[in-house]
Structures are given as C-alpha cells and as structure tokens.
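Inspection log for the structure reproduced underneath, given as structure tokens.
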Amino acid sequence: MAVSTPRAQALSGAEVVRRSLEGGRTDWRSIGFESLLVGLLVLTLGILAWLLVVVFVNGIPVLAERGTDFLTSPLAARPAEAGVGQAITGSLWLMAFVVVLSFPLGIGAAVYLEEYARDTWFTRLINTVVRNLAGVPSIVYGLLGLAVFVVALGDILGPGSTSGRSLLAGGLTMAILVLPIVIITSGEALRAVPGSIREAAFGVGATRWEVVRSHVLPYAAPGIFTGTILSMARAFGETAPLILVGAVIGGFNVEYDSFIGILQGRYTALPTTVYDWARKPPSFSGNVYAAIVVLIVVLLLVNALAIYLRNRFERRW
Amino acid sequence: MTAVPAQPPPRLSVADLRGSAGRRRRELAVRSFFLAAASISILISFLIIASLAGEAFNFITQVDLALLFERGWFPRRDLYSIQTIVGGTLVVAGIGMLVATPLGLGAAIYLSEYASPRVRRTVKPILEILAGIPSVVLGYFALQVLSPTLVDAACPGATNPSNIAAAGIGVGILITPLVASVAEDAMYAVPRSLREAAYGLGARKRTTSLRIVLPAAISGIVAALILGLSRGIGETMVVSIAAGATGGSLFTLNPCEPGQTMTAAMTALATGSDQVRGASLAFPSLFFVGLLLFVFTLTLNLFADRFVRRVRISY
C-alpha cells in the first residue's frame, strides 16, 4: 500500500509490515488494552506511594519532635510519654530466636531434602508438609504457641507472674513460623547449583558433607542469604501470632538481671505495639504513625539488602 | 625408594574408597543432624493438628450446639454463631479478591507481556516491597485513610469508621502482590514459541496475550487466585484493626457495617482480657475457630498446589 511513499521508506521494515497488516488504521482497542494494563499497574504502585506518603507525613513530625526519646521510652499510658524502646528490644530478641533456631534447622532441612534424600515416600511427605506449613495462616501458629508453649510448657518457659506468656514462648513460636520459609528459599538456592559442581567434587574423592560444605553451600550462599533475610523481615513484621502467645500490650516493667530472667519474662514487639496503639483513642495516632515509620524503615532496609544481595551475586549457569 | 620392581598395581576394593573411620563418623553425624532438622517439620504439623483438634474437640463436646447457629458471635456471653464469623470472613475475602484480581492480573499481564526488561527489573522489586509491608500497617491505613475516603463514598450513611468494606479493600491491597507474582511467573513460563506462532499468524499483541498466553497459563493464574483467596481468609491484622466489632458481632453480610471474621474473632478473644485461659468456653472456642480456618486454608492451598503442578507438567 503505502510502502513506496518517501515517508514509509524512513520507517523500519518491521514497522512497515505492521502498518500494512493493520490496514493503516489505528488499533484503538489494543491501545485501550495496553492503557488499561498500565493503569492497573500504576494504580497498584500509586496505592503503595499513597500509603508511604500518609505514613511518613504523619509520622516524621512526631519522630522529629520526640527524637531519640521516642525510640528509647518504654510503653506508657500517655501518648507523649509512650515510646517504642521495649518494642524494638523485643523485636530484636525475636529476630535473634529466628537466627539461632530457624536458620540452622531450616538450612539443614533444605540440605537434607536437596542433597541427601532419595526420592522415598518419607522425603515426599516432608516436602508436602513443608509446602503446606508455608501456607498455614500465621495466627494458627499463634494457636500452636498458645497451646504448647504458653499453656503446656508455661511453668517451665514462663514461670511466676509471667504466667507462660514469656519471651521464650514468643521466640519459639516465631522461629517455627518462619522455618518453612527458610527451608523453601534455601532449597531453591541449593537446587540452582548445577550438578556438575557436585560431580567434580565427588570425582576428587570428597564425601557428601565435604561436597556440600565446600562447594554447594558457598555457591548457594547468596540465595540462602536472601531467603533468610526475607524471613527475618517476616518475623519483624508479624503480629497475629504474638498477640495470641501474649506479647504485652499496655505496659510493663523490665528489671531482669539474668539472661534466663529475660527469656522467661514478659516482652513486646514493634508490630504488636502498633496494633495496641491503633486501638487507642485518636490522641495516639501520631505515635502509631511514628512507630510505623520505624517499622517500615527497618523493613525497607532489610528488603533492600536482600534485593541488592540477590542482584549483586546472581549467577547464571 | 629408588628402584621399584615392576609389580602389578594393588587391587582397590570398595573398602579403600570409604575413607577413614573418623571421616565416616563425621559424615554420619552431619547426615543425622540434617535428617533431624528435616523431620522437625513433621513434628510441627503434628503439634498444630494435635493442639487445634484437642481443644476444638473439648469445645464441640461441651458447647450447646444450638448456640452455634445463634444470631451473633459473642463468646463472652457464650454465643458462638459460626455463620457470623464465616460469613464475615467470606465477605472480607470476596471484597479482597474483587480488588486484587484486576490489580494483580493487570500487573502480571503487563509485566510478563508488555513491559521492557528495564521496567520489569524496576517494578518487580517495588511489588516485593509492597508484599513486605506488614499487615498491621495496612490495617491502620485501611482504618484511617481508606475508610473515610473510598468507603464513605461507596456507603453513604455509614457511621462506623471501621467496617467490612475497609477491611476487605485493605486485604485486597495486601494480596495483590502475591496474585501478581504467582500469575506473572505462570505467564512468563509460557514458551516463546507459542507467542511467535501467534505473531506468525498475524495476531496482535493484545490477541496473543489474551487468547494464547492467558489460556496457556490458566492453571497458574487460577492457582494465583486461589492462593490469594487463601491468604485473604487467613489474614488477621487488617481485619482486626479495620473491620470493627472487637467484642463480638451480629450476623451481617453488609460490607458497610462492622463485622467479625474468624481471624479477628481470635485476636479479639486474645486481647479482650487476660482471662482467655480461664473462664467459660472462650478458650476452647479459639481453637475450634482456628481448626476451621486451618481446614479452609489447607483445602484451598492443596487445590492451588494441584493447579501449579499442572503448569509444570505441560511445559
């Protein structure tokens, strides 16, 4: 059709073909469809932006006014005095439980499933169980913690006035909650290491553990790190199970002198504090936003670190 | 050591390849640790089922079954209307899916079919950040921002700032990244050759996306929606903060009113007072609701799993 006009000659071959296939008409429906898709994506990202703007606009002034006082003060009944000191300490403790318990057990389980296990009914059972555990709502883990750690083992884990609702109960619940995530992400990282690496190591006489330790794990490390970091972020932001296993809402005093005393004592966490304040009168709303800013900044940093690690060390075989 | 007489090389047996006894012992110890670590997940599942079922059984045997079908959920007055919290849960999850399906699938189709690699690389991490926002934060956002703006516009005359609609929209925003990411994975996995065949027949990009890629990835997309629904049903904090009805609720399916879901009913019981461990049937009712929730989400997840596997088999 228009192929011989001078203007068409300036177009690329593909463009010429496309135009003649479309019969020179503009395809409004395709444009409309693409605009719809872009619109939906922009709407999704816009909601995220909206949320962040609302949080920061309302939270930053409180943080600026209170300064470090807000970050170190304990829970209190009056908004001007209440801070997130105890909450941050508690959340860091919970993350420590995840690091100490979930990481070795989760990575160990992943190594077993990917490197050691043969395809037996037992292996398949574990794989199915792990996948399903990852989909169990977090509040159900809270019920598990309530039944096992608070009620059944309460006299050991949180004796006396703690009445079972101890840091140990919360930490163990959180460690169990993120375990499936650690297993699944570590397993994916291990699976991405090509078999030739293993065969080369076996070929020079390494045992299976030597192969795993000196070849597979180093190559899978970036992927494992990413997964573990994300699971820590999950533990940091998780609220519902902690409410059930009795993270403190309201206020409490910590005067524990021993390590065991801290573990058996009461605790709170940053997201549970947000939840508690969110249900209080509107005078607390500045505090809520300020606490959310702290929460989101920590999570954004952690997520950014994970994404950076993945992109930096991403390896294509 | 100089003149070695020509001998036939010693014959190796399997025992020579085994290595030292110490090495073998270490190997066995490491292997046992890994096996134990892997077995813990079975123990955890067993504990979950045992703790849920035990107390739920106590509840079912002790409660007056007629109370399960009363007009409202007020555990402190021994009214345990199951349809109130199940209905509330379904309405919240339904509104969530109404929000998350177009947003999530739109984002997935765009990212998989239209976006340039650069846009993909930028947008996917941002969606992951959205996925990482804690649900308490979204709950407060729903209560403070979504409810006075969107919900007030849709529900004229709604007096209570906390209502089912606000919670539902919040849940929808929460599950959008999940739906988008699972659906995008499924569509991205459709082989290029199918698209090229479509283009070769003269199909447009829109036709190719909707008529070729979407049907080819349909199992993955269905799985994404089921997973989203499952997450929406199990979502706790958004509903606890934004849906209202802290103590209990009458049966309602009206999204403009405050309502109660299974998850919110549990947190309400746990925070209502410190007496959850003692009085009445409130404590066992917690586990009964938990068991119900567990069964719901497990069923949905198993369905989703089946659909995901179908994608893997076909390509």
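In the structure tokens, chains take the letters A, B, ... in the order shown, each chain's residues start at 1, and ligands count up from 1 in the order shown.
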Tell me which protein, DNA and RNA residues are within 8 Å of region 99-104 of chain A, counting only C-alpha atoms, leaving out same-chain ones fewer than 4 positions away, and put them as number ranges by chain. A: 95, 108, 175-176, 178-179, 182, 228, 232
Could you name the residues that touch Arg208 (chain A) at 8 Å or less, counting only C-alpha atoms, but leaving out those on the same chain fewer than 4 positions away, as a PDB file with N, CA and C atoms, in the first residue's frame?
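The resulting file, selection-v1.pdb, is reproduced below:
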```
ATOM      1  N   PHE A 202      32.836 -34.810  43.899  1.00  0.00           N
ATOM      2  CA  PHE A 202      32.814 -36.254  44.184  1.00  0.00           C
ATOM      3  C   PHE A 202      33.957 -36.948  43.447  1.00  0.00           C
ATOM      4  N   VAL A 212      29.039 -30.673  50.081  1.00  0.00           N
ATOM      5  CA  VAL A 212      28.050 -29.661  50.461  1.00  0.00           C
ATOM      6  C   VAL A 212      28.744 -28.447  51.075  1.00  0.00           C
TER       7      VAL A 212
ATOM      8  N   GLU B  27      30.593 -37.903  58.833  1.00  0.00           N
ATOM      9  CA  GLU B  27      29.594 -37.930  57.758  1.00  0.00           C
ATOM     10  C   GLU B  27      28.226 -38.361  58.303  1.00  0.00           C
TER      11      GLU B  27
END
```
Can you list every residue of chain A that has an atom at most 7 Å from chain B, with its nearest atom pair and the distance in Å to one decimal, using only C-alpha atoms, ordered by chain then number, as a tab-separated table?
```
residue	atom	partner	partner_atom	distance
A:Ser30	CA	B:Arg206	CA	5.8
A:Leu37	CA	B:Gly106	CA	5.0
A:Val38	CA	B:Tyr110	CA	6.9
A:Leu40	CA	B:Leu103	CA	5.4
A:Leu41	CA	B:Ala107	CA	4.8
A:Thr44	CA	B:Leu103	CA	6.4
A:Leu48	CA	B:Leu130	CA	6.4
A:Leu51	CA	B:Phe141	CA	6.8
A:Leu105	CA	B:Ala37	CA	5.0
A:Gly106	CA	B:Ala37	CA	7.0
A:Gly108	CA	B:Phe34	CA	4.8
A:Ala109	CA	B:Ala38	CA	4.0
A:Val111	CA	B:Phe34	CA	6.8
A:Tyr112	CA	B:Phe34	CA	5.2
A:Ile126	CA	B:Ile42	CA	6.6
A:Val129	CA	B:Ile42	CA	6.6
A:Val130	CA	B:Ser41	CA	6.3
A:Gly135	CA	B:Asn301	CA	6.7
A:Val136	CA	B:Phe294	CA	6.7
A:Pro137	CA	B:Gly234	CA	5.0
A:Val140	CA	B:Gly290	CA	6.1
A:Leu143	CA	B:Phe287	CA	6.9
A:Leu144	CA	B:Ile48	CA	5.4
A:Ala147	CA	B:Ser51	CA	6.0
A:Trp209	CA	B:Glu27	CA	6.2
A:Gly237	CA	B:Pro134	CA	5.0
A:Glu238	CA	B:Pro134	CA	6.7
A:Ala240	CA	B:Met237	CA	6.3
A:Ile243	CA	B:Thr267	CA	6.7
A:Leu244	CA	B:Ala270	CA	5.6
A:Pro271	CA	B:Val136	CA	6.6
A:Tyr275	CA	B:Val136	CA	6.3
A:Ala278	CA	B:Tyr140	CA	6.7
A:Ile292	CA	B:Val137	CA	6.6
A:Asn303	CA	B:Ile129	CA	6.9
```
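Atom pair CA of Ala197 (chain B) / CA of Ser209 (chain B) has a distance of 12.4 Å (rounded to one decimal).
Compared by their closest atoms to Gly170 (chain B), and using only C-alpha atoms, the residues A:Leu167, A:Leu157, A:Ala206, A:Ile47 rank with A:Ile47 nearest.
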